[in-house]
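Peer 1: Following this line is input_26.txt, made up of compact mmCIF, C-alpha atoms:
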```txt
# COMPACT_ATOMS: atom_id res chain seq x y z
CA MET A 1407 2.36 24.81 10.99
CA LYS A 1408 0.40 22.58 13.35
CA TYR A 1409 -1.98 20.17 11.66
CA ASN A 1410 -5.19 18.92 13.28
CA PHE A 1411 -5.62 15.22 12.60
CA ASP A 1412 -8.48 15.07 15.09
CA GLU A 1413 -10.63 17.10 12.71
CA TYR A 1414 -13.56 15.16 11.22
CA VAL A 1415 -13.81 15.74 7.47
CA GLU A 1416 -17.18 14.83 5.97
CA ARG A 1417 -16.52 12.66 2.92
CA ARG A 1418 -20.00 11.45 2.08
CA ASN A 1419 -21.37 12.84 -1.20
CA MET A 1420 -17.83 13.71 -2.36
CA HIS A 1421 -17.41 10.77 -4.78
CA SER A 1422 -15.32 8.95 -2.16
CA ALA A 1423 -14.96 5.23 -2.87
CA LYS A 1424 -14.26 4.59 0.79
CA TRP A 1425 -17.44 6.36 1.92
CA SER A 1426 -19.66 5.44 -1.04
CA PRO A 1427 -23.32 4.52 -0.35
CA GLU A 1428 -22.90 1.35 -2.40
CA ILE A 1429 -20.29 0.11 0.06
CA LEU A 1430 -21.78 1.38 3.30
CA GLU A 1431 -25.45 0.65 2.51
CA ASP A 1432 -26.30 2.60 5.67
CA ASN A 1433 -25.21 6.09 6.76
CA ASP A 1434 -24.54 4.78 10.26
CA VAL A 1435 -21.85 2.36 9.04
CA LEU A 1436 -18.21 3.41 9.59
CA PRO A 1437 -15.71 2.59 6.81
CA LEU A 1438 -12.24 1.61 7.97
CA TRP A 1439 -11.39 -0.43 4.91
CA LEU A 1440 -9.97 1.13 1.72
CA ALA A 1441 -6.39 2.41 2.05
CA ASP A 1442 -6.85 6.15 1.96
CA MET A 1443 -6.78 8.49 4.94
CA ASP A 1444 -9.59 10.57 6.41
CA PHE A 1445 -7.23 13.51 6.87
CA ARG A 1446 -6.81 16.70 4.89
CA CYS A 1447 -3.71 16.81 2.72
CA PRO A 1448 -0.70 18.98 3.58
CA GLN A 1449 -1.55 22.64 3.08
CA PRO A 1450 1.03 23.11 0.28
CA VAL A 1451 -0.69 20.29 -1.62
CA ILE A 1452 -4.11 21.88 -1.14
CA ASP A 1453 -2.70 25.25 -2.22
CA SER A 1454 -1.30 23.69 -5.40
CA VAL A 1455 -4.63 22.11 -6.32
CA VAL A 1456 -6.58 25.30 -5.54
CA ARG A 1457 -4.14 27.38 -7.60
CA MET A 1458 -4.56 25.03 -10.55
CA ALA A 1459 -8.35 24.99 -10.21
CA ALA A 1460 -8.51 28.80 -10.02
CA HIS A 1461 -6.53 29.12 -13.23
CA GLY A 1462 -9.58 27.86 -15.11
CA VAL A 1463 -7.82 26.26 -18.08
CA TYR A 1464 -7.22 22.53 -17.79
CA GLY A 1465 -5.35 21.62 -20.94
CA TYR A 1466 -2.71 19.01 -21.59
CA SER A 1467 0.15 19.19 -19.13
CA THR A 1468 3.87 18.62 -19.03
CA ARG A 1469 6.09 17.33 -16.26
CA PRO A 1470 8.57 20.06 -15.36
CA GLU A 1471 12.05 19.38 -14.08
CA ALA A 1472 10.93 20.56 -10.64
CA TYR A 1473 8.71 17.47 -10.45
CA TYR A 1474 11.62 15.11 -11.10
CA SER A 1475 13.93 17.02 -8.78
CA ALA A 1476 11.35 16.79 -6.01
CA ILE A 1477 11.17 12.99 -6.36
CA ILE A 1478 14.97 12.66 -6.44
CA ASN A 1479 15.57 14.95 -3.46
CA TRP A 1480 12.83 13.37 -1.35
CA ASN A 1481 14.11 9.83 -1.82
CA ARG A 1482 17.72 10.84 -1.21
CA LYS A 1483 16.80 12.56 2.05
CA ARG A 1484 14.21 10.10 3.38
CA HIS A 1485 15.66 6.80 2.19
CA GLY A 1486 19.28 7.37 1.13
CA TRP A 1487 18.21 6.35 -2.38
CA HIS A 1488 20.13 8.08 -5.15
CA ILE A 1489 17.86 8.10 -8.18
CA GLU A 1490 18.92 9.42 -11.57
CA ARG A 1491 16.51 11.59 -13.52
CA ASP A 1492 16.47 9.19 -16.49
CA TRP A 1493 15.40 6.26 -14.32
CA ILE A 1494 11.98 7.77 -13.57
CA LEU A 1495 8.93 6.87 -15.65
CA PHE A 1496 5.52 8.37 -14.97
CA SER A 1497 2.47 6.17 -14.37
CA PRO A 1498 -1.10 7.16 -13.42
CA GLY A 1499 -0.92 4.69 -10.55
CA VAL A 1500 0.98 1.73 -9.17
CA VAL A 1501 -1.75 -0.81 -10.00
CA PRO A 1502 -1.87 0.01 -13.73
CA ALA A 1503 1.92 0.01 -13.75
CA LEU A 1504 2.04 -3.44 -12.20
CA SER A 1505 -0.40 -4.73 -14.79
CA LEU A 1506 1.65 -3.32 -17.66
CA LEU A 1507 4.85 -4.74 -16.18
CA VAL A 1508 3.32 -8.23 -16.08
CA GLN A 1509 2.19 -7.78 -19.70
CA THR A 1510 5.63 -6.63 -20.73
CA PHE A 1511 7.87 -9.14 -19.00
CA CYS A 1512 5.67 -12.25 -18.84
CA ALA A 1513 3.96 -14.32 -21.51
CA PRO A 1514 0.57 -16.00 -21.04
CA GLY A 1515 1.08 -19.12 -18.98
CA ASP A 1516 4.08 -17.76 -17.09
CA LYS A 1517 4.15 -17.67 -13.29
CA VAL A 1518 4.43 -14.70 -10.93
CA ILE A 1519 5.50 -15.32 -7.34
CA ILE A 1520 3.72 -13.41 -4.57
CA GLN A 1521 4.03 -13.57 -0.77
CA ASN A 1522 0.55 -14.11 0.60
CA PRO A 1523 -1.57 -12.96 2.30
CA VAL A 1524 -0.94 -9.94 0.11
CA TYR A 1525 -2.53 -6.85 -1.45
CA TYR A 1526 -5.47 -8.38 -3.29
CA PRO A 1527 -5.18 -6.59 -6.69
CA PHE A 1528 -1.97 -8.61 -7.23
CA TYR A 1529 -4.09 -11.68 -7.96
CA ASP A 1530 -6.28 -10.03 -10.61
CA ILE A 1531 -3.30 -8.27 -12.19
CA ILE A 1532 -1.58 -11.61 -12.71
CA ARG A 1533 -4.61 -13.62 -13.82
CA ASN A 1534 -6.03 -10.90 -16.09
CA ASN A 1535 -2.77 -11.01 -18.04
CA GLY A 1536 -2.99 -14.75 -18.58
CA CYS A 1537 -0.41 -15.66 -15.93
CA HIS A 1538 -0.54 -17.78 -12.80
CA PRO A 1539 0.03 -16.47 -9.25
CA VAL A 1540 2.35 -18.76 -7.32
CA MET A 1541 2.16 -18.56 -3.54
CA ASN A 1542 5.20 -18.13 -1.32
CA PRO A 1543 3.25 -17.80 1.96
CA LEU A 1544 4.60 -15.66 4.76
CA ARG A 1545 5.12 -17.49 8.05
CA PRO A 1546 3.64 -16.02 11.24
CA GLU A 1547 6.16 -16.42 14.04
CA GLN A 1548 5.80 -14.90 17.51
CA GLY A 1549 3.52 -12.10 16.40
CA LYS A 1550 5.47 -11.26 13.26
CA TYR A 1551 5.34 -12.48 9.66
CA ARG A 1552 8.54 -13.68 8.03
CA MET A 1553 9.54 -14.70 4.51
CA ASP A 1554 9.81 -18.42 3.77
CA LEU A 1555 13.06 -18.15 1.82
CA GLY A 1556 13.50 -21.91 1.52
CA SER A 1557 10.17 -22.23 -0.25
CA LEU A 1558 10.97 -19.19 -2.39
CA GLU A 1559 14.21 -20.77 -3.56
CA GLU A 1560 12.36 -23.87 -4.76
CA LEU A 1561 9.63 -21.86 -6.50
CA ALA A 1562 12.19 -19.65 -8.25
CA LYS A 1563 13.78 -22.69 -9.93
CA ASP A 1564 10.68 -23.22 -12.06
CA PRO A 1565 11.55 -22.00 -15.59
CA LYS A 1566 7.98 -20.68 -15.94
CA ALA A 1567 8.51 -18.33 -12.98
CA LYS A 1568 9.49 -15.02 -14.56
CA LEU A 1569 8.66 -12.35 -12.01
CA LEU A 1570 8.49 -11.85 -8.25
CA MET A 1571 6.07 -9.18 -7.02
CA LEU A 1572 7.47 -7.84 -3.74
CA CYS A 1573 5.25 -5.81 -1.41
CA SER A 1574 7.55 -3.56 0.64
CA PRO A 1575 6.41 -2.46 3.21
CA HIS A 1576 4.02 -5.37 3.15
CA ASN A 1577 0.28 -4.90 2.85
CA PRO A 1578 -1.65 -6.18 4.81
CA VAL A 1579 0.69 -7.60 7.48
CA GLY A 1580 2.69 -4.37 7.91
CA ARG A 1581 6.21 -5.80 7.76
CA VAL A 1582 9.08 -3.46 6.95
CA TRP A 1583 11.63 -5.83 5.47
CA THR A 1584 15.18 -5.78 6.82
CA GLN A 1585 18.39 -5.49 4.83
CA ASP A 1586 19.13 -9.19 5.43
CA GLU A 1587 15.68 -10.31 4.28
CA LEU A 1588 15.86 -8.24 1.11
CA SER A 1589 19.41 -9.41 0.45
CA GLU A 1590 18.46 -13.09 0.69
CA LEU A 1591 15.40 -12.57 -1.50
CA GLY A 1592 17.49 -10.68 -4.04
CA LYS A 1593 20.12 -13.42 -4.21
CA ILE A 1594 17.45 -16.02 -4.94
CA ALA A 1595 15.88 -13.85 -7.63
CA LEU A 1596 19.20 -13.02 -9.24
CA GLY A 1597 20.35 -16.63 -9.21
CA ASN A 1598 17.21 -17.72 -11.02
CA ASN A 1599 16.85 -14.82 -13.48
CA LEU A 1600 13.69 -13.71 -11.71
CA LEU A 1601 12.71 -10.07 -12.26
CA VAL A 1602 11.77 -8.35 -9.00
CA VAL A 1603 8.99 -5.77 -9.22
CA SER A 1604 8.86 -3.99 -5.87
CA ASP A 1605 5.68 -2.18 -4.84
CA GLU A 1606 7.00 0.43 -2.39
CA ILE A 1607 3.96 2.67 -2.26
CA HIS A 1608 3.91 2.70 1.58
CA SER A 1609 7.62 3.40 1.89
CA ASP A 1610 7.19 6.75 3.66
CA LEU A 1611 4.82 5.37 6.30
CA VAL A 1612 7.18 3.59 8.67
CA PHE A 1613 7.12 3.70 12.47
CA LYS A 1614 9.88 4.34 14.99
CA GLY A 1615 12.47 1.61 15.30
CA HIS A 1616 12.08 0.56 11.68
CA LYS A 1617 13.52 1.81 8.41
CA HIS A 1618 12.33 1.28 4.87
CA ILE A 1619 15.11 0.01 2.64
CA PRO A 1620 14.45 0.44 -1.09
CA PHE A 1621 15.18 -2.89 -2.76
CA GLN A 1622 17.37 -1.23 -5.38
CA THR A 1623 19.70 0.17 -2.71
CA VAL A 1624 20.66 -3.26 -1.36
CA SER A 1625 23.07 -3.93 -4.24
CA GLU A 1626 23.86 -2.66 -7.72
CA ASP A 1627 23.09 -6.10 -9.15
CA PHE A 1628 19.62 -5.98 -7.58
CA ALA A 1629 19.08 -2.48 -8.97
CA GLN A 1630 19.87 -3.70 -12.47
CA HIS A 1631 17.44 -6.60 -12.22
CA SER A 1632 14.45 -4.90 -10.63
CA ILE A 1633 11.74 -2.30 -11.10
CA ALA A 1634 10.44 -0.18 -8.21
CA CYS A 1635 6.97 1.35 -8.03
CA THR A 1636 6.58 4.37 -5.76
CA ALA A 1637 4.07 7.18 -5.36
CA PRO A 1638 3.14 10.19 -3.24
CA SER A 1639 -0.43 8.89 -3.05
CA LYS A 1640 -0.27 7.13 0.34
CA THR A 1641 2.33 9.55 1.73
CA PHE A 1642 0.26 12.71 1.20
CA ASN A 1643 -3.21 11.16 0.77
CA ILE A 1644 -3.62 11.99 -2.91
CA PRO A 1645 -4.46 8.63 -4.58
CA GLY A 1646 -7.30 10.26 -6.51
CA LEU A 1647 -4.83 12.52 -8.35
CA ARG A 1648 -3.33 9.51 -10.16
CA VAL A 1649 0.42 10.01 -10.06
CA SER A 1650 3.22 7.52 -9.40
CA SER A 1651 6.85 6.89 -10.33
CA ILE A 1652 8.36 3.74 -11.78
CA ILE A 1653 12.10 3.62 -11.06
CA ILE A 1654 14.19 1.53 -13.49
CA PRO A 1655 18.01 1.87 -13.49
CA ASN A 1656 18.45 -0.77 -16.21
CA GLU A 1657 18.21 0.93 -19.60
CA GLY A 1658 16.90 -2.12 -21.45
CA LEU A 1659 14.14 -2.77 -18.92
CA ARG A 1660 13.32 0.94 -18.91
CA GLN A 1661 12.97 1.15 -22.68
CA GLN A 1662 10.68 -1.87 -22.78
CA THR A 1663 8.54 -0.42 -20.01
CA ALA A 1664 8.37 3.04 -21.58
CA GLN A 1665 7.23 1.53 -24.88
CA ALA A 1666 4.53 -0.48 -23.12
CA PHE A 1667 3.27 2.63 -21.30
CA GLU A 1668 3.18 4.64 -24.52
CA ARG A 1669 1.23 1.93 -26.36
CA VAL A 1670 -1.69 2.34 -23.96
CA GLY A 1671 -1.28 6.05 -23.16
CA ALA A 1672 -0.24 5.42 -19.56
CA HIS A 1673 2.54 8.00 -19.87
CA VAL A 1674 0.09 10.94 -19.98
CA SER A 1675 -0.27 12.96 -16.77
CA ASN A 1676 -2.48 15.81 -15.50
CA GLY A 1677 -1.41 19.09 -14.01
CA PHE A 1678 -3.30 18.64 -10.75
CA GLY A 1679 -1.44 15.45 -9.90
CA ILE A 1680 1.98 16.71 -10.98
CA GLY A 1681 1.59 19.95 -9.03
CA ALA A 1682 0.32 18.16 -5.91
CA ALA A 1683 3.13 15.60 -5.99
CA THR A 1684 5.75 18.30 -6.39
CA ALA A 1685 4.30 20.38 -3.56
CA GLY A 1686 4.12 17.36 -1.28
CA TYR A 1687 7.70 16.27 -1.89
CA GLU A 1688 9.04 19.83 -1.62
CA GLU A 1689 6.97 21.12 1.30
CA GLY A 1690 5.07 18.24 2.89
CA GLU A 1691 7.66 16.76 5.23
CA GLU A 1692 6.46 18.68 8.29
CA TRP A 1693 2.93 17.33 7.72
CA LEU A 1694 4.26 13.79 7.28
CA GLU A 1695 6.22 13.87 10.53
CA GLN A 1696 3.11 15.03 12.43
CA LEU A 1697 1.04 12.38 10.64
CA LEU A 1698 3.42 9.58 11.62
CA SER A 1699 3.26 10.64 15.26
CA TYR A 1700 -0.54 10.68 15.17
CA LEU A 1701 -0.72 7.31 13.43
CA GLU A 1702 1.59 5.75 15.98
CA ASP A 1703 -0.61 7.09 18.78
CA ASN A 1704 -3.65 5.64 16.98
CA LEU A 1705 -1.85 2.31 16.73
CA ASP A 1706 -1.03 2.37 20.44
CA PHE A 1707 -4.68 3.17 21.18
CA LEU A 1708 -5.81 0.31 18.95
CA GLY A 1709 -3.39 -2.16 20.54
CA THR A 1710 -4.33 -1.21 24.10
CA PHE A 1711 -8.06 -1.36 23.34
CA ILE A 1712 -7.77 -4.85 21.87
CA GLU A 1713 -5.58 -6.12 24.67
CA LYS A 1714 -7.83 -4.82 27.45
CA LYS A 1715 -11.31 -5.00 25.96
CA MET A 1716 -11.24 -7.53 23.09
CA PRO A 1717 -8.83 -10.32 24.01
CA GLU A 1718 -10.71 -12.58 21.57
CA ILE A 1719 -9.06 -10.61 18.74
CA SER A 1720 -5.33 -10.37 18.19
CA LEU A 1721 -3.37 -7.65 16.41
CA THR A 1722 -0.28 -8.15 14.31
CA ARG A 1723 1.34 -4.81 15.09
CA PRO A 1724 2.45 -3.19 11.82
CA GLU A 1725 5.95 -1.79 11.45
CA GLY A 1726 4.75 0.39 8.58
CA THR A 1727 1.58 1.42 6.68
CA TYR A 1728 -1.59 2.60 8.45
CA LEU A 1729 -3.22 -0.81 8.15
CA ALA A 1730 -3.78 -3.26 11.02
CA TRP A 1731 -4.10 -7.01 10.42
CA LEU A 1732 -6.63 -8.39 12.90
CA ASP A 1733 -7.16 -12.05 13.73
CA PHE A 1734 -10.84 -12.86 14.41
CA ARG A 1735 -10.47 -16.65 14.24
CA ALA A 1736 -11.13 -17.08 17.96
CA ILE A 1737 -14.75 -16.04 17.48
CA GLU A 1738 -15.13 -18.74 14.80
CA GLN A 1739 -16.49 -16.63 11.97
CA GLU A 1740 -15.81 -17.85 8.44
CA GLY A 1741 -14.27 -15.22 6.14
CA ARG A 1742 -17.44 -14.15 4.32
CA LYS A 1743 -19.58 -14.47 7.45
CA LEU A 1744 -17.06 -12.32 9.35
CA ASP A 1745 -17.56 -9.50 6.88
CA GLU A 1746 -21.34 -9.73 7.24
CA PHE A 1747 -21.04 -9.88 11.03
CA LEU A 1748 -18.91 -6.73 11.15
CA ARG A 1749 -21.16 -4.86 8.73
CA LYS A 1750 -24.51 -5.89 10.22
CA GLU A 1751 -23.75 -6.33 13.91
CA ALA A 1752 -20.91 -3.85 14.46
CA LYS A 1753 -21.86 -1.36 11.73
CA VAL A 1754 -18.21 -1.24 10.64
CA VAL A 1755 -16.68 -2.09 7.25
CA LEU A 1756 -13.18 -3.57 7.26
CA ASP A 1757 -11.34 -5.23 4.39
CA LYS A 1758 -12.16 -8.92 4.23
CA GLY A 1759 -9.14 -11.04 5.11
CA HIS A 1760 -9.89 -13.85 2.67
CA VAL A 1761 -9.50 -11.55 -0.36
CA PHE A 1762 -5.80 -11.25 0.48
CA GLY A 1763 -5.45 -14.92 -0.37
CA GLU A 1764 -4.55 -18.05 1.52
CA GLY A 1765 -3.67 -17.19 5.10
CA GLY A 1766 -6.24 -14.40 5.27
CA GLU A 1767 -9.27 -16.45 6.26
CA GLY A 1768 -10.66 -15.29 9.60
CA PHE A 1769 -8.70 -12.03 9.45
CA ALA A 1770 -9.69 -8.46 8.57
CA ARG A 1771 -7.68 -5.38 7.67
CA LEU A 1772 -8.44 -2.17 9.55
CA ASN A 1773 -7.37 1.29 8.33
CA PHE A 1774 -6.51 3.38 11.40
CA ALA A 1775 -5.70 6.57 9.43
CA CYS A 1776 -8.71 8.42 10.77
CA PRO A 1777 -9.50 10.78 13.66
CA ARG A 1778 -9.17 9.02 17.00
CA THR A 1779 -12.84 9.60 17.75
CA THR A 1780 -13.74 7.62 14.63
CA LEU A 1781 -11.34 4.83 15.55
CA ALA A 1782 -12.64 4.71 19.13
CA GLU A 1783 -16.25 4.53 17.96
CA ALA A 1784 -15.47 1.74 15.48
CA LEU A 1785 -13.63 -0.29 18.13
CA LYS A 1786 -16.46 0.21 20.61
CA ARG A 1787 -18.92 -1.12 18.04
CA ILE A 1788 -16.75 -4.16 17.30
CA GLN A 1789 -16.32 -4.80 21.02
CA GLN A 1790 -20.08 -4.78 21.60
CA ALA A 1791 -20.68 -7.11 18.67
CA VAL A 1792 -17.99 -9.54 19.81
CA LYS A 1793 -19.38 -9.41 23.35
CA GLY A 1794 -22.75 -10.36 21.92
CA ILE A 1795 -21.24 -13.50 20.41
CA SER A 1796 -19.53 -14.34 23.70
CA LEU A 1797 -22.83 -13.99 25.60
CA GLN A 1798 -24.59 -16.29 23.11
CA THR A 1799 -21.97 -18.99 23.54
```
Would you mind writing the file's structure down as structure tokens?
Peer 2:
Amino acid sequence: MKYNFDEYVERRNMHSAKWSPEILEDNDVLPLWLADMDFRCPQPVIDSVVRMAAHGVYGYSTRPEAYYSAIINWNRKRHGWHIERDWILFSPGVVPALSLLVQTFCAPGDKVIIQNPVYYPFYDIIRNNGCHPVMNPLRPEQGKYRMDLGSLEELAKDPKAKLLMLCSPHNPVGRVWTQDELSELGKIALGNNLLVVSDEIHSDLVFKGHKHIPFQTVSEDFAQHSIACTAPSKTFNIPGLRVSSIIIPNEGLRQQTAQAFERVGAHVSNGFGIGAATAGYEEGEEWLEQLLSYLEDNLDFLGTFIEKKMPEISLTRPEGTYLAWLDFRAIEQEGRKLDEFLRKEAKVVLDKGHVFGEGGEGFARLNFACPRTTLAEALKRIQQAVKGISLQT
């Protein structure tokens, strides 16, 4: 069927975090911040949720074999990733899984390496578990961010460094890591007994000319010394249904993780999420392909608008995700002042760059997974606000 991504879906008063009054403060403010999409889910996903709701009994649920088969078949087809049924653990989300993994494989005082600027919950996850985030900053080169593997090698030698949290594809800079980059990172981790925990939640959202490579497919040794976190939440726009998969080929690591999940009840799922995930993986590919085409058109629109009408701002074009990393440093707005400027003068909410850590000051993250009319209006507002600054100076 043909999906209409131009359709505006009213999300106010629907308990949406992205559109919440506390965040927007004003009904005229447009939210292009939090990483969920303003599009309806694939119809098979909606049908699954409606069918479950109509049943009228919402008791404890199981995870049928169809759920696991859907995950396995999807990843084999989309990514060439051959996952065994026993490798899959359920989690109610990638963020809680990451927190439990730090608890399980690190002791208070240990160090966790991250590649900043990076998804901001990483920092709280590490610190809240008594550990220290260690920065391996990405290097911007000719409009693209690259890993600093030399620095990583030195950081990995520290005996207190126990875990490397890999963001793949990377949020917020949108890199889709190559086979060579992942191979070099994996060699460093393996040589220093560093556990790699790979957050691959955006793995299905990759643009033409790029290919997501699951870290565990690079080599068998890497697979045995890593944990992958995946989910249908970004793929099919169902983060509120709280379902994700933790893929662990190594039996010892898997048993430790399973025990940690059971201790806090993180292994318990709900029927809405399981049904929606299964429907998405089994029947949502047509929707995803149309979505990717629409997102790429939105990205082209965004890039052209900035180039022609807002040369003061620069875009790091993402290779994956639906998140654009925008550089506002030319208009000389400090990180926190930039957020206030965008909210008050442009009536647009973006994610503050400085919360992504060092290297994010003066930047903002824009979610372009919205109808093009919404994107165009937001960009027009930003343009007018930036023009106002230019006129004042």
Peer 1: Expressed in Å to a single decimal, how great is the separation between CA of Phe1628 (chain A) and CA of Leu1694 (chain A)?
Peer 2: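 Distance between the two atoms: 29.1 Å.
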Peer 1: Please identify every residue of region 1683-1798 of chain A that has at least one atom no farther than 12 Å from an atom of region 1557-1574 of chain A, counting only C-alpha atoms, and for each give the shortest atom pair and the distance in Å to one decimal, arranged by chain then increasing number, as CSV.
Peer 2:
```
residue,atom,partner,partner_atom,distance
A:Glu1725,CA,A:Ser1574,CA,11.1
A:Gly1726,CA,A:Ser1574,CA,9.3
A:Thr1727,CA,A:Ser1574,CA,9.8
```
Peer 1: So which residues touch Leu1756 (chain A) within 12 Å, counting all atoms listed in the file, skipping near sequence neighbours fewer than 3 positions away, as number ranges by chain?
Peer 2: A: 1424, 1429-1430, 1435-1441, 1729-1732, 1734, 1741-1742, 1744-1750, 1752-1753, 1759-1761, 1769-1774, 1781, 1784-1785, 1788
Peer 1: Please save C-alpha atoms of the selected residues as a PDB file, in the frame of the given file.
Peer 2:
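Result went into selection.pdb, see below:
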```pdb
ATOM      1  CA  LYS A1424     -14.260   4.590   0.790  1.00  0.00           C
ATOM      2  CA  ILE A1429     -20.290   0.110   0.060  1.00  0.00           C
ATOM      3  CA  LEU A1430     -21.780   1.380   3.300  1.00  0.00           C
ATOM      4  CA  VAL A1435     -21.850   2.360   9.040  1.00  0.00           C
ATOM      5  CA  LEU A1436     -18.210   3.410   9.590  1.00  0.00           C
ATOM      6  CA  PRO A1437     -15.710   2.590   6.810  1.00  0.00           C
ATOM      7  CA  LEU A1438     -12.240   1.610   7.970  1.00  0.00           C
ATOM      8  CA  TRP A1439     -11.390  -0.430   4.910  1.00  0.00           C
ATOM      9  CA  LEU A1440      -9.970   1.130   1.720  1.00  0.00           C
ATOM     10  CA  ALA A1441      -6.390   2.410   2.050  1.00  0.00           C
ATOM     11  CA  LEU A1729      -3.220  -0.810   8.150  1.00  0.00           C
ATOM     12  CA  ALA A1730      -3.780  -3.260  11.020  1.00  0.00           C
ATOM     13  CA  TRP A1731      -4.100  -7.010  10.420  1.00  0.00           C
ATOM     14  CA  LEU A1732      -6.630  -8.390  12.900  1.00  0.00           C
ATOM     15  CA  PHE A1734     -10.840 -12.860  14.410  1.00  0.00           C
ATOM     16  CA  GLY A1741     -14.270 -15.220   6.140  1.00  0.00           C
ATOM     17  CA  ARG A1742     -17.440 -14.150   4.320  1.00  0.00           C
ATOM     18  CA  LEU A1744     -17.060 -12.320   9.350  1.00  0.00           C
ATOM     19  CA  ASP A1745     -17.560  -9.500   6.880  1.00  0.00           C
ATOM     20  CA  GLU A1746     -21.340  -9.730   7.240  1.00  0.00           C
ATOM     21  CA  PHE A1747     -21.040  -9.880  11.030  1.00  0.00           C
ATOM     22  CA  LEU A1748     -18.910  -6.730  11.150  1.00  0.00           C
ATOM     23  CA  ARG A1749     -21.160  -4.860   8.730  1.00  0.00           C
ATOM     24  CA  LYS A1750     -24.510  -5.890  10.220  1.00  0.00           C
ATOM     25  CA  ALA A1752     -20.910  -3.850  14.460  1.00  0.00           C
ATOM     26  CA  LYS A1753     -21.860  -1.360  11.730  1.00  0.00           C
ATOM     27  CA  GLY A1759      -9.140 -11.040   5.110  1.00  0.00           C
ATOM     28  CA  HIS A1760      -9.890 -13.850   2.670  1.00  0.00           C
ATOM     29  CA  VAL A1761      -9.500 -11.550  -0.360  1.00  0.00           C
ATOM     30  CA  PHE A1769      -8.700 -12.030   9.450  1.00  0.00           C
ATOM     31  CA  ALA A1770      -9.690  -8.460   8.570  1.00  0.00           C
ATOM     32  CA  ARG A1771      -7.680  -5.380   7.670  1.00  0.00           C
ATOM     33  CA  LEU A1772      -8.440  -2.170   9.550  1.00  0.00           C
ATOM     34  CA  ASN A1773      -7.370   1.290   8.330  1.00  0.00           C
ATOM     35  CA  PHE A1774      -6.510   3.380  11.400  1.00  0.00           C
ATOM     36  CA  LEU A1781     -11.340   4.830  15.550  1.00  0.00           C
ATOM     37  CA  ALA A1784     -15.470   1.740  15.480  1.00  0.00           C
ATOM     38  CA  LEU A1785     -13.630  -0.290  18.130  1.00  0.00           C
ATOM     39  CA  ILE A1788     -16.750  -4.160  17.300  1.00  0.00           C
TER      40      ILE A1788
END
```
Peer 1: Mind checking which residues fall within 10 Å of Val1501 (chain A), counting only C-alpha atoms, ignoring those fewer than 4 positions away in the same chain, and posting them as a list of chain:residue names?
Peer 2: A:Ser1497, A:Ser1505, A:Leu1506, A:Leu1507, A:Pro1527, A:Phe1528, A:Ile1531, A:Asp1605, A:Cys1635, A:Ser1650
Peer 1: Which one is closest to Lys1640 (chain A): A:Leu1555, A:Val1754, A:Val1500, A:Met1407? Count only C-alpha atoms.
Peer 2: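 The shortest atom-to-atom distance to Lys1640 (chain A) comes from A:Val1500.
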Peer 1: Find, counting all atoms listed in the file, the residue in A:Arg1660, A:His1461, A:Lys1408, A:Arg1648 that gets nearest to Trp1493 (chain A).
Peer 2: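 The closest residue to Trp1493 (chain A) is A:Arg1660.
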Peer 1: Around all listed atoms of region 1499-1515 of chain A, padded 5 Å per side, what centre and edge lengths does the axis-aligned box have in Å to one decimal, as lines of an AutoDock Vina configuration file?
Peer 2:
```
center_x = 3.0
center_y = -7.2
center_z = -15.3
size_x = 19.7
size_y = 33.8
size_z = 22.3
```
Peer 1: Just how far from CA of Gly1677 (chain A) is CA of Tyr1466 (chain A), in Å to one decimal?
Peer 2: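 Pair CA of Tyr1466 (chain A) / CA of Gly1677 (chain A) returns 7.7 Å.
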Peer 1: Up to 9 Å from (9.4, 2.2, -18.6) in the file's coordinates: name the residues, counting all atoms listed in the file, as a PDB file with C-alpha atoms, in the frame of the given file.
Peer 2:
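So result.pdb came out as:
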```pdb
ATOM      1  CA  TRP A1493      15.400   6.260 -14.320  1.00  0.00           C
ATOM      2  CA  ILE A1494      11.980   7.770 -13.570  1.00  0.00           C
ATOM      3  CA  LEU A1495       8.930   6.870 -15.650  1.00  0.00           C
ATOM      4  CA  PHE A1496       5.520   8.370 -14.970  1.00  0.00           C
ATOM      5  CA  LEU A1507       4.850  -4.740 -16.180  1.00  0.00           C
ATOM      6  CA  ILE A1652       8.360   3.740 -11.780  1.00  0.00           C
ATOM      7  CA  ILE A1653      12.100   3.620 -11.060  1.00  0.00           C
ATOM      8  CA  ILE A1654      14.190   1.530 -13.490  1.00  0.00           C
ATOM      9  CA  GLU A1657      18.210   0.930 -19.600  1.00  0.00           C
ATOM     10  CA  LEU A1659      14.140  -2.770 -18.920  1.00  0.00           C
ATOM     11  CA  ARG A1660      13.320   0.940 -18.910  1.00  0.00           C
ATOM     12  CA  GLN A1661      12.970   1.150 -22.680  1.00  0.00           C
ATOM     13  CA  GLN A1662      10.680  -1.870 -22.780  1.00  0.00           C
ATOM     14  CA  THR A1663       8.540  -0.420 -20.010  1.00  0.00           C
ATOM     15  CA  ALA A1664       8.370   3.040 -21.580  1.00  0.00           C
ATOM     16  CA  GLN A1665       7.230   1.530 -24.880  1.00  0.00           C
ATOM     17  CA  ALA A1666       4.530  -0.480 -23.120  1.00  0.00           C
ATOM     18  CA  PHE A1667       3.270   2.630 -21.300  1.00  0.00           C
ATOM     19  CA  GLU A1668       3.180   4.640 -24.520  1.00  0.00           C
TER      20      GLU A1668
END
```
